[in-house]
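Asker: Just dropping this structure here.
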Amino acid sequence: MVTVSLTGASQEDAVTVFDVLRTAFPADGPSDPTRLYLSGDHPVVWTAEFDPTREGVPTGPTSLQGELKATLQGGYVAVDRLCEALDAAFTVDEEGTASGDQEKEVDLQLRTKRQ
């Protein structure tokens, strides 16, 4: 399983990103992302979990209303598969990684891919 958390995203952009991942890795389960409210001046965080146990279905470029940050956390192969699906749909800039024995975390910035 990979947990995907989005910040700096409108509800529409969060749904767009999660729809791309659900298209790439179809699964049973709720289709709405979970919205977390943080106290103070912190942004809203949207989260969803994905289980990319097999190769993904290719997706094409998809538009976003703005830029957003994504954090992916899970097993190495699973995170890499989600990164590939996101890279096919959006312009992806890796902002950082943290690795452990069996999991890694990747911080990405996503924006609309220019043709």
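Each chain in the structure tokens gets a letter, A, B, ..., in the order shown, and its residues are numbered from 1; ligands are numbered from 1 in order too.
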Do you know which residues are at most 12 Å from Val4 in chain A counting only C-alpha atoms, after dropping those on the same chain fewer than 6 positions away, and could you put them as a PyMOL selection string?
Answerer: chain A and resi 14+17-18+21-22+33-35+45-51+69-74+78-79+82-83+86+105-108
Asker: For the residues in the current selection, export N, CA and C atoms as a compact mmCIF listing (two decimals), in the first residue's frame.
Answerer:
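Okay, part-v5.txt is ready:
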# COMPACT_ATOMS: atom_id res chain seq x y z
N ALA A 14 -7.26 17.67 -6.20
CA ALA A 14 -7.06 16.43 -5.45
C ALA A 14 -7.81 15.28 -6.13
N VAL A 17 -5.94 14.23 -9.37
CA VAL A 17 -4.75 13.40 -9.13
C VAL A 17 -5.16 12.00 -8.72
N PHE A 18 -6.11 11.89 -7.79
CA PHE A 18 -6.53 10.57 -7.33
C PHE A 18 -7.24 9.79 -8.44
N LEU A 21 -4.59 8.18 -10.56
CA LEU A 21 -4.03 7.00 -9.91
C LEU A 21 -5.02 5.84 -9.89
N ARG A 22 -6.31 6.13 -9.75
CA ARG A 22 -7.32 5.06 -9.78
C ARG A 22 -7.48 4.49 -11.19
N PRO A 33 -11.40 11.31 -1.95
CA PRO A 33 -10.24 11.44 -1.07
C PRO A 33 -10.68 11.88 0.32
N THR A 34 -9.88 11.58 1.31
CA THR A 34 -10.14 12.01 2.67
C THR A 34 -9.54 13.39 2.86
N ARG A 35 -10.31 14.28 3.42
CA ARG A 35 -9.86 15.65 3.66
C ARG A 35 -9.55 15.79 5.14
N VAL A 45 -5.04 18.95 3.87
CA VAL A 45 -4.33 17.80 3.33
C VAL A 45 -5.36 16.79 2.84
N TRP A 46 -5.18 16.32 1.60
CA TRP A 46 -6.05 15.30 1.01
C TRP A 46 -5.25 14.00 0.99
N THR A 47 -5.86 12.89 1.44
CA THR A 47 -5.14 11.62 1.47
C THR A 47 -5.97 10.51 0.84
N ALA A 48 -5.26 9.55 0.28
CA ALA A 48 -5.88 8.32 -0.25
C ALA A 48 -4.81 7.25 -0.26
N GLU A 49 -5.24 5.99 -0.26
CA GLU A 49 -4.31 4.87 -0.31
C GLU A 49 -4.51 4.09 -1.60
N PHE A 50 -3.40 3.57 -2.13
CA PHE A 50 -3.42 2.81 -3.38
C PHE A 50 -2.59 1.55 -3.19
N ASP A 51 -2.99 0.50 -3.91
CA ASP A 51 -2.30 -0.78 -3.85
C ASP A 51 -1.85 -1.16 -5.26
N LYS A 69 1.60 19.89 -3.95
CA LYS A 69 2.65 19.01 -3.44
C LYS A 69 2.04 17.67 -3.09
N ALA A 70 2.79 16.61 -3.41
CA ALA A 70 2.35 15.25 -3.12
C ALA A 70 3.44 14.55 -2.33
N THR A 71 3.03 13.81 -1.32
CA THR A 71 3.94 12.95 -0.56
C THR A 71 3.45 11.53 -0.71
N LEU A 72 4.33 10.65 -1.19
CA LEU A 72 4.02 9.23 -1.37
C LEU A 72 4.84 8.44 -0.36
N GLN A 73 4.18 7.54 0.37
CA GLN A 73 4.88 6.75 1.37
C GLN A 73 4.43 5.31 1.27
N GLY A 74 5.41 4.40 1.12
CA GLY A 74 5.09 2.98 1.03
C GLY A 74 6.31 2.19 0.59
N ALA A 78 6.14 -0.14 -5.06
CA ALA A 78 4.82 0.49 -5.13
C ALA A 78 4.93 2.00 -5.30
N VAL A 79 5.81 2.65 -4.56
CA VAL A 79 5.99 4.10 -4.70
C VAL A 79 6.52 4.43 -6.09
N LEU A 82 3.67 4.35 -8.61
CA LEU A 82 2.82 5.54 -8.53
C LEU A 82 3.52 6.76 -9.12
N CYS A 83 4.82 6.90 -8.87
CA CYS A 83 5.58 8.01 -9.44
C CYS A 83 5.55 7.96 -10.97
N LEU A 86 2.13 9.17 -12.15
CA LEU A 86 2.02 10.62 -12.01
C LEU A 86 2.84 11.34 -13.07
N GLU A 105 9.75 7.40 1.33
CA GLU A 105 8.85 8.54 1.22
C GLU A 105 9.43 9.47 0.16
N VAL A 106 8.57 9.93 -0.74
CA VAL A 106 8.99 10.82 -1.82
C VAL A 106 8.10 12.05 -1.79
N ASP A 107 8.74 13.22 -1.83
CA ASP A 107 8.01 14.49 -1.92
C ASP A 107 8.12 15.01 -3.34
N LEU A 108 6.96 15.30 -3.93
CA LEU A 108 6.89 15.74 -5.32
C LEU A 108 6.12 17.04 -5.44
Asker: Please indicate the distance in Å from CA of Thr59 in chain A to CA of Thr23 in chain A, rounded to one decimal place.
Answerer: 7.3 Å
Asker: Rank A:Val57, A:Ala85, A:Leu68, A:Ala24 by their smallest atom-to-atom distance to Ser10 in chain A, using only C-alpha atoms, and report the top residue only.
Answerer: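 Looking only at the distances to Ser10 in chain A, the closest residue turns out to be A:Leu68.
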Asker: Could you check which of A:Arg114, A:Gln109, A:Glu55, A:Asp101 is closest to Thr7 in chain A, using only C-alpha atoms?
Answerer: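 Closest to Thr7 in chain A of all the choices is A:Gln109.
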Asker: Excluding Leu110 in chain A and its own-chain neighbours fewer than 2 positions away, which residues fall within 6 Å of it when counting only C-alpha atoms? Please give them as a PyMOL selection string.
Answerer: chain A and resi 67-68+91-92
